[in-house]
file run.cif (mmCIF, C-alpha atoms)
data_model
#
loop_
_atom_site.label_atom_id
_atom_site.label_comp_id
_atom_site.auth_asym_id
_atom_site.auth_seq_id
_atom_site.Cartn_x
_atom_site.Cartn_y
_atom_site.Cartn_z
CA MET A 16 15.12 -50.98 -30.39
CA THR A 17 13.79 -52.85 -27.37
CA ASP A 18 11.56 -51.24 -24.80
CA ARG A 19 13.32 -49.88 -21.77
CA PRO A 20 12.75 -51.75 -18.50
CA GLY A 21 9.65 -50.83 -16.49
CA PRO A 22 11.41 -48.67 -13.84
CA PHE A 23 12.99 -46.50 -16.56
CA ARG A 24 9.66 -46.05 -18.34
CA ASN A 25 8.05 -45.03 -15.04
CA ALA A 26 10.79 -42.51 -14.33
CA GLU A 27 10.34 -40.95 -17.76
CA ARG A 28 6.59 -40.69 -17.21
CA ILE A 29 7.18 -38.97 -13.88
CA LYS A 30 9.58 -36.49 -15.50
CA ARG A 31 7.11 -35.74 -18.29
CA GLY A 32 4.36 -35.30 -15.69
CA LEU A 33 6.48 -32.82 -13.76
CA ILE A 34 7.09 -30.56 -16.76
CA PRO A 35 3.67 -28.83 -16.53
CA ILE A 36 4.21 -28.31 -12.79
CA TRP A 37 7.64 -26.78 -13.41
CA LEU A 38 6.19 -24.50 -16.08
CA LEU A 39 3.40 -23.42 -13.72
CA CYS A 40 5.87 -22.64 -10.94
CA ILE A 41 8.05 -20.61 -13.32
CA SER A 42 4.98 -18.69 -14.51
CA LEU A 43 3.97 -17.90 -10.94
CA ILE A 44 7.46 -16.75 -10.01
CA VAL A 45 7.77 -14.57 -13.10
CA GLY A 46 4.28 -13.21 -12.45
CA CYS A 47 5.44 -11.86 -9.09
CA PHE A 48 7.94 -9.59 -10.87
CA HIS A 49 6.56 -6.48 -12.51
CA ALA A 50 7.23 -2.80 -13.00
CA PRO A 51 6.20 -0.45 -10.17
CA ALA A 52 2.59 0.72 -10.13
CA PRO A 53 1.31 -1.97 -12.53
CA TYR A 54 -2.37 -1.07 -12.04
CA ARG A 55 -2.23 2.67 -12.70
CA PRO A 56 -4.92 3.46 -15.29
CA ASN A 57 -3.64 4.80 -18.59
CA SER A 58 -6.59 7.18 -18.78
CA TRP A 59 -5.52 9.21 -15.73
CA ILE A 60 -4.03 12.63 -16.41
CA ALA A 61 -0.40 13.14 -15.38
CA VAL A 62 0.76 16.58 -14.22
CA PRO A 63 4.37 17.35 -13.14
CA ILE A 64 4.70 18.68 -9.59
CA ASP A 65 7.26 19.89 -7.10
CA MET A 66 7.32 19.06 -3.39
CA LYS A 67 6.23 22.55 -2.29
CA SER A 68 2.97 22.23 -4.20
CA ILE A 69 1.90 19.14 -2.22
CA ALA A 70 2.68 20.37 1.28
CA ASP A 71 -0.04 19.80 3.89
CA SER A 72 -2.75 22.41 4.13
CA PRO A 73 -3.34 23.07 7.86
CA ASN A 74 -7.07 23.53 7.32
CA GLN A 75 -7.68 20.49 5.12
CA PRO A 76 -8.03 17.06 6.78
CA LEU A 77 -6.44 14.44 4.59
CA LEU A 78 -6.09 10.66 4.40
CA GLN A 79 -3.05 9.34 2.54
CA VAL A 80 -2.35 5.69 1.77
CA ILE A 81 1.26 5.07 0.74
CA ILE A 82 2.37 2.16 -1.45
CA VAL A 83 6.11 1.58 -1.85
CA TYR A 84 7.59 -0.36 -4.78
CA GLY A 85 11.00 -1.89 -5.27
CA PRO A 86 12.51 -2.64 -8.69
CA ALA A 87 10.43 -5.81 -9.17
CA TRP A 88 7.59 -5.83 -6.65
CA SER A 89 5.79 -3.77 -4.02
CA HIS A 90 7.14 -4.13 -0.51
CA HIS A 91 5.46 -1.72 1.91
CA THR A 92 2.23 0.07 2.80
CA ALA A 93 1.82 2.94 5.26
CA LEU A 94 -0.85 5.50 6.15
CA ARG A 95 -0.70 9.19 6.94
CA LEU A 96 -3.55 11.18 8.52
CA VAL A 97 -3.71 14.98 8.64
CA CYS A 98 -6.19 16.20 11.25
CA PRO A 99 -6.77 19.86 12.23
CA ASP A 100 -5.41 20.93 15.61
CA ARG A 101 -3.61 17.59 16.11
CA PRO A 102 -0.16 16.35 15.16
CA VAL A 103 0.00 14.48 11.88
CA LEU A 104 -0.38 10.77 12.58
CA PHE A 105 1.86 8.45 10.58
CA TRP A 106 1.12 4.71 10.78
CA ASP A 107 3.99 2.53 9.61
CA PRO A 108 2.76 -1.02 10.36
CA GLY A 109 5.63 -3.48 10.62
CA GLY A 110 8.00 -0.85 9.21
CA SER A 111 11.17 0.78 10.50
CA TYR A 112 10.65 4.51 10.05
CA GLY A 113 11.50 6.43 13.23
CA ILE A 114 13.88 3.82 14.65
CA SER A 115 17.48 4.88 15.15
CA ASP A 116 20.40 4.12 17.44
CA SER A 117 19.74 7.23 19.51
CA GLU A 118 15.97 7.27 19.83
CA ASP A 119 12.74 5.50 19.00
CA LEU A 120 9.98 7.80 17.80
CA ARG A 121 7.49 4.96 17.40
CA SER A 122 4.75 3.77 19.73
CA LYS A 123 2.59 0.86 18.57
CA ASP A 124 3.88 1.47 15.02
CA LEU A 125 2.56 5.06 15.17
CA ILE A 126 4.76 8.14 14.79
CA ARG A 127 3.42 11.29 16.42
CA ILE A 128 6.74 12.82 17.49
CA ASN A 129 8.30 14.43 14.41
CA PRO A 130 5.98 12.64 11.97
CA PRO A 131 7.36 12.76 8.43
CA ASP A 132 5.94 14.85 5.66
CA LEU A 133 6.05 13.19 2.25
CA GLU A 134 9.45 14.61 1.38
CA MET A 135 10.98 13.26 4.59
CA TYR A 136 9.45 9.84 4.01
CA LEU A 137 10.70 9.74 0.43
CA GLN A 138 14.25 10.42 1.59
CA PHE A 139 13.88 7.45 3.92
CA ALA A 140 12.44 5.25 1.15
CA TRP A 141 15.23 6.09 -1.31
CA LYS A 142 17.84 4.85 1.19
CA HIS A 143 16.44 1.36 0.74
CA SER A 144 15.61 -0.59 -2.42
CA SER A 145 12.58 1.54 -3.20
CA LYS A 146 12.06 2.69 -6.78
CA GLU A 147 8.61 4.31 -6.73
CA VAL A 148 6.15 5.55 -4.11
CA GLU A 149 2.43 6.05 -4.77
CA VAL A 150 0.35 8.19 -2.42
CA PHE A 151 -3.44 7.91 -2.69
CA GLU A 152 -5.28 10.91 -1.22
CA TRP A 153 -8.81 11.53 0.05
CA ASP A 154 -10.09 14.78 1.54
CA LEU A 155 -11.95 14.33 4.84
CA THR A 156 -14.32 16.38 6.89
CA PRO A 157 -12.92 17.48 10.26
CA ALA A 158 -15.36 15.13 12.03
CA ARG A 159 -14.30 12.12 9.97
CA ALA A 160 -10.62 12.92 10.43
CA LEU A 161 -11.14 12.96 14.20
CA GLU A 162 -12.97 9.62 14.10
CA LEU A 163 -10.20 7.90 12.15
CA TYR A 164 -7.52 9.60 14.25
CA ASP A 165 -9.04 8.30 17.49
CA VAL A 166 -9.34 4.75 16.11
CA LEU A 167 -5.67 4.73 15.13
CA LEU A 168 -4.44 6.37 18.30
CA HIS A 169 -6.50 4.44 20.85
CA GLY A 170 -7.62 1.31 19.01
CA THR A 171 -11.01 -0.29 19.60
CA GLU A 172 -12.35 -3.06 21.82
CA LYS A 173 -14.35 -6.17 20.97
CA ASP A 174 -17.65 -4.41 21.65
CA HIS A 175 -16.97 -1.79 18.94
CA PRO A 176 -19.28 -2.23 15.90
CA ALA A 177 -16.22 -2.92 13.74
CA GLY A 178 -14.60 -5.21 16.32
CA ARG A 179 -11.27 -5.02 18.08
CA PHE A 180 -8.46 -3.09 16.39
CA THR A 181 -4.86 -2.33 17.33
CA THR A 182 -2.03 -0.79 15.32
CA PRO A 183 1.04 -2.94 16.25
CA THR A 184 1.82 -5.16 13.26
CA ILE A 185 4.40 -7.86 12.62
CA GLY A 186 6.68 -7.54 9.61
CA LEU A 187 5.39 -8.44 6.14
CA PHE A 188 1.77 -7.72 7.14
CA CYS A 189 1.80 -3.96 6.52
CA SER A 190 -0.64 -4.08 3.60
CA ALA A 191 -2.93 -6.53 5.39
CA ALA A 192 -3.08 -4.18 8.39
CA VAL A 193 -3.76 -1.00 6.40
CA SER A 194 -6.34 -2.62 4.12
CA ASP A 195 -8.09 -4.14 7.15
CA PHE A 196 -8.27 -0.67 8.75
CA LEU A 197 -9.70 0.83 5.56
CA HIS A 198 -12.13 -2.06 5.18
CA ARG A 199 -13.52 -1.64 8.68
CA PHE A 200 -13.23 2.07 9.47
CA ALA A 201 -12.99 4.07 6.22
CA THR A 202 -16.28 2.81 4.80
CA LYS A 203 -17.63 6.33 4.27
CA GLU A 204 -14.71 7.16 1.98
CA MET A 205 -14.18 3.90 0.10
CA ASN A 206 -15.07 0.25 -0.32
CA VAL A 207 -12.08 -1.97 0.40
CA PRO A 208 -13.75 -5.38 0.43
CA LYS A 209 -11.14 -7.34 2.37
CA SER A 210 -7.57 -7.41 3.62
CA PHE A 211 -4.85 -7.60 0.94
CA PHE A 212 -1.44 -9.12 1.63
CA PHE A 213 0.34 -7.59 -1.39
CA PRO A 214 0.52 -3.78 -1.52
CA GLU A 215 -0.02 -3.68 -5.29
CA ASP A 216 -3.32 -5.54 -4.84
CA LEU A 217 -4.46 -2.86 -2.41
CA ALA A 218 -3.36 -0.20 -4.92
CA ARG A 219 -5.43 -1.89 -7.63
CA VAL A 220 -8.57 -1.50 -5.50
CA LEU A 221 -7.75 2.04 -4.35
CA TYR A 222 -7.61 3.24 -7.95
CA THR A 223 -11.32 2.32 -8.19
CA GLN A 224 -12.29 4.22 -5.04
CA SER A 225 -12.30 7.84 -6.24
CA PRO A 226 -9.13 9.20 -4.64
CA LYS A 227 -8.79 12.93 -5.09
CA ARG A 228 -5.45 12.30 -6.74
CA VAL A 229 -2.49 9.94 -6.68
CA LEU A 230 1.01 11.29 -6.20
CA ALA A 231 3.73 9.30 -7.98
CA PHE A 232 7.36 9.65 -6.93
CA ARG A 233 9.89 7.80 -9.10
CA ARG A 234 13.51 7.78 -7.98
CA GLY A 235 15.53 10.13 -10.20
CA LYS A 236 12.51 11.15 -12.32
CA VAL A 237 10.11 14.09 -12.55
CA GLN A 238 7.46 13.71 -9.84
CA LYS A 239 3.84 13.65 -10.98
CA ILE A 240 0.25 13.92 -9.82
CA TYR A 241 -2.22 11.57 -11.49
CA ILE A 242 -5.74 12.96 -11.63
CA PRO A 243 -8.68 10.67 -12.44
CA PRO A 244 -10.99 11.50 -15.32
CA GLN A 245 -14.65 12.11 -14.54
CA MET A 246 -15.80 8.90 -12.87
CA THR A 247 -19.23 7.26 -13.04
CA SER A 248 -20.72 5.18 -10.28
CA SER A 249 -19.87 1.99 -12.16
CA ASP A 250 -16.19 2.94 -12.11
CA LYS A 251 -16.17 2.66 -8.30
CA LYS A 252 -16.91 -1.05 -8.26
CA VAL A 253 -14.11 -3.25 -6.97
CA PRO A 254 -12.80 -5.49 -9.79
#
call {"tool": "encode", "arguments": {"input": "run.cif", "output": "structure tokens"}}
result
Amino acid sequence: MTDRPGPFRNAERIKRGLIPIWLLCISLIVGCFHAPAPYRPNSWIAVPIDMKSIADSPNQPLLQVIIVYGPAWSHHTALRLVCPDRPVLFWDPGGSYGISDSEDLRSKDLIRINPPDLEMYLQFAWKHSSKEVEVFEWDLTPARALELYDVLLHGTEKDHPAGRFTTPTIGLFCSAAVSDFLHRFATKEMNVPKSFFFPEDLARVLYTQSPKRVLAFRRGKVQKIYIPPQMTSSDKKVP
């Protein structure tokens, strides 16, 4: 058999050279698809719950970070802050909660008028493609709750030690906005080293930051609380 002409040999070389690139692209695409809550530690203790048992305690300030998963990937991050003697503050950066044909309850992506409790927000999430919702919780002192509340409600200017901050967020950057807020202003509660674009990457870090508990709501399944085992200081390092 005679050798094929030069142009044909070159074309075959190019095709062979593209195979590894195609395989890499396929691997990256497949890697973006995963089950909800892929970073939940197997060692955490799961306890079934009902919605009444997780209602807000009026005397306990609370920080909640909400991660929403679809069937194949995470797609939203929100934050909920319970502060004594103030309305619950729900931050839904780049989201659509509170928008309807008749009224708009949002101001700068914050909901203070009729802010949702977790059950209300879950009903909203289930109307979309959501499959699971994780809620990371940290207890706060009243003073810390007020500090975080004021930062969210009023923002900060350039001369603030943590720099300028505002809550309005464009779509797709919900996780980046929440993780940036935690990185700059929640340093007494956790160490979020940077801003994370993908919600599941933020969840991976939050599991290392000693949340009091993580609530897990799976559509059509028994709802659970995940409680961390006794943690050592080394467990709190960001991977």
call {"tool": "resolve_selection", "arguments": {"input": "run.cif", "expression": "the PyMOL selection byres ((chain A and resi 169) around 12)", "output": "JSON, numbers by chain"}}
result
{"A": [122, 123, 125, 161, 162, 163, 164, 165, 166, 167, 168, 170, 171, 172, 179, 180, 181, 182, 183]}
call {"tool": "resolve_selection", "arguments": {"input": "run.cif", "expression": "the PyMOL selection byres ((chain A and resi 74-83) around 8)", "output": "ChimeraX atom specification"}}
result
/A:71-73,84-85,89-99,140,145-157,160,214-215,218
call {"tool": "write_last_selection", "arguments": {"input": "run.cif", "atoms": "C-alpha atoms", "output": "PDB file, in the coordinates of the input"}}
result
ATOM      1  CA  ASP A  71      -0.040  19.800   3.890  1.00  0.00           C
ATOM      2  CA  SER A  72      -2.750  22.410   4.130  1.00  0.00           C
ATOM      3  CA  PRO A  73      -3.340  23.070   7.860  1.00  0.00           C
ATOM      4  CA  TYR A  84       7.590  -0.360  -4.780  1.00  0.00           C
ATOM      5  CA  GLY A  85      11.000  -1.890  -5.270  1.00  0.00           C
ATOM      6  CA  SER A  89       5.790  -3.770  -4.020  1.00  0.00           C
ATOM      7  CA  HIS A  90       7.140  -4.130  -0.510  1.00  0.00           C
ATOM      8  CA  HIS A  91       5.460  -1.720   1.910  1.00  0.00           C
ATOM      9  CA  THR A  92       2.230   0.070   2.800  1.00  0.00           C
ATOM     10  CA  ALA A  93       1.820   2.940   5.260  1.00  0.00           C
ATOM     11  CA  LEU A  94      -0.850   5.500   6.150  1.00  0.00           C
ATOM     12  CA  ARG A  95      -0.700   9.190   6.940  1.00  0.00           C
ATOM     13  CA  LEU A  96      -3.550  11.180   8.520  1.00  0.00           C
ATOM     14  CA  VAL A  97      -3.710  14.980   8.640  1.00  0.00           C
ATOM     15  CA  CYS A  98      -6.190  16.200  11.250  1.00  0.00           C
ATOM     16  CA  PRO A  99      -6.770  19.860  12.230  1.00  0.00           C
ATOM     17  CA  ALA A 140      12.440   5.250   1.150  1.00  0.00           C
ATOM     18  CA  SER A 145      12.580   1.540  -3.200  1.00  0.00           C
ATOM     19  CA  LYS A 146      12.060   2.690  -6.780  1.00  0.00           C
ATOM     20  CA  GLU A 147       8.610   4.310  -6.730  1.00  0.00           C
ATOM     21  CA  VAL A 148       6.150   5.550  -4.110  1.00  0.00           C
ATOM     22  CA  GLU A 149       2.430   6.050  -4.770  1.00  0.00           C
ATOM     23  CA  VAL A 150       0.350   8.190  -2.420  1.00  0.00           C
ATOM     24  CA  PHE A 151      -3.440   7.910  -2.690  1.00  0.00           C
ATOM     25  CA  GLU A 152      -5.280  10.910  -1.220  1.00  0.00           C
ATOM     26  CA  TRP A 153      -8.810  11.530   0.050  1.00  0.00           C
ATOM     27  CA  ASP A 154     -10.090  14.780   1.540  1.00  0.00           C
ATOM     28  CA  LEU A 155     -11.950  14.330   4.840  1.00  0.00           C
ATOM     29  CA  THR A 156     -14.320  16.380   6.890  1.00  0.00           C
ATOM     30  CA  PRO A 157     -12.920  17.480  10.260  1.00  0.00           C
ATOM     31  CA  ALA A 160     -10.620  12.920  10.430  1.00  0.00           C
ATOM     32  CA  PRO A 214       0.520  -3.780  -1.520  1.00  0.00           C
ATOM     33  CA  GLU A 215      -0.020  -3.680  -5.290  1.00  0.00           C
ATOM     34  CA  ALA A 218      -3.360  -0.200  -4.920  1.00  0.00           C
TER      35      ALA A 218
END
call {"tool": "resolve_selection", "arguments": {"input": "run.cif", "expression": "the PyMOL selection byres ((chain A and resi 68) around 12)", "output": "PyMOL selection string"}}
result
chain A and resi 62-67+69-72+133-134+230+238-240
call {"tool": "closest_residue", "arguments": {"input": "run.cif", "among": "A:Ala177, A:Ile114, A:Leu217, A:Ile126", "to": "Ala192 of chain A", "atoms": "all atoms listed in the file"}}
result
A:Leu217
call {"tool": "atom_distance", "arguments": {"input": "run.cif", "atom1": "atom CA of Val103 of chain A", "atom2": "atom CA of Pro56 of chain A"}}
result
29.7 Å
call {"tool": "closest_residue", "arguments": {"input": "run.cif", "among": "A:Gly110, A:Thr223, A:Pro131, A:His143", "to": "Ile185 of chain A", "atoms": "all atoms listed in the file"}}
result
A:Gly110
call {"tool": "closest_residue", "arguments": {"input": "run.cif", "among": "A:Pro108, A:Pro208, A:Pro102, A:Gly186", "to": "Asp124 of chain A", "atoms": "only C-alpha atoms"}}
result
A:Pro108
call {"tool": "atom_distance", "arguments": {"input": "run.cif", "atom1": "atom CA of Phe213 of chain A", "atom2": "atom CA of Ser144 of chain A"}}
result
16.8 Å
call {"tool": "atom_distance", "arguments": {"input": "run.cif", "atom1": "atom CA of Pro176 of chain A", "atom2": "atom CA of Lys203 of chain A"}}
result
14.5 Å
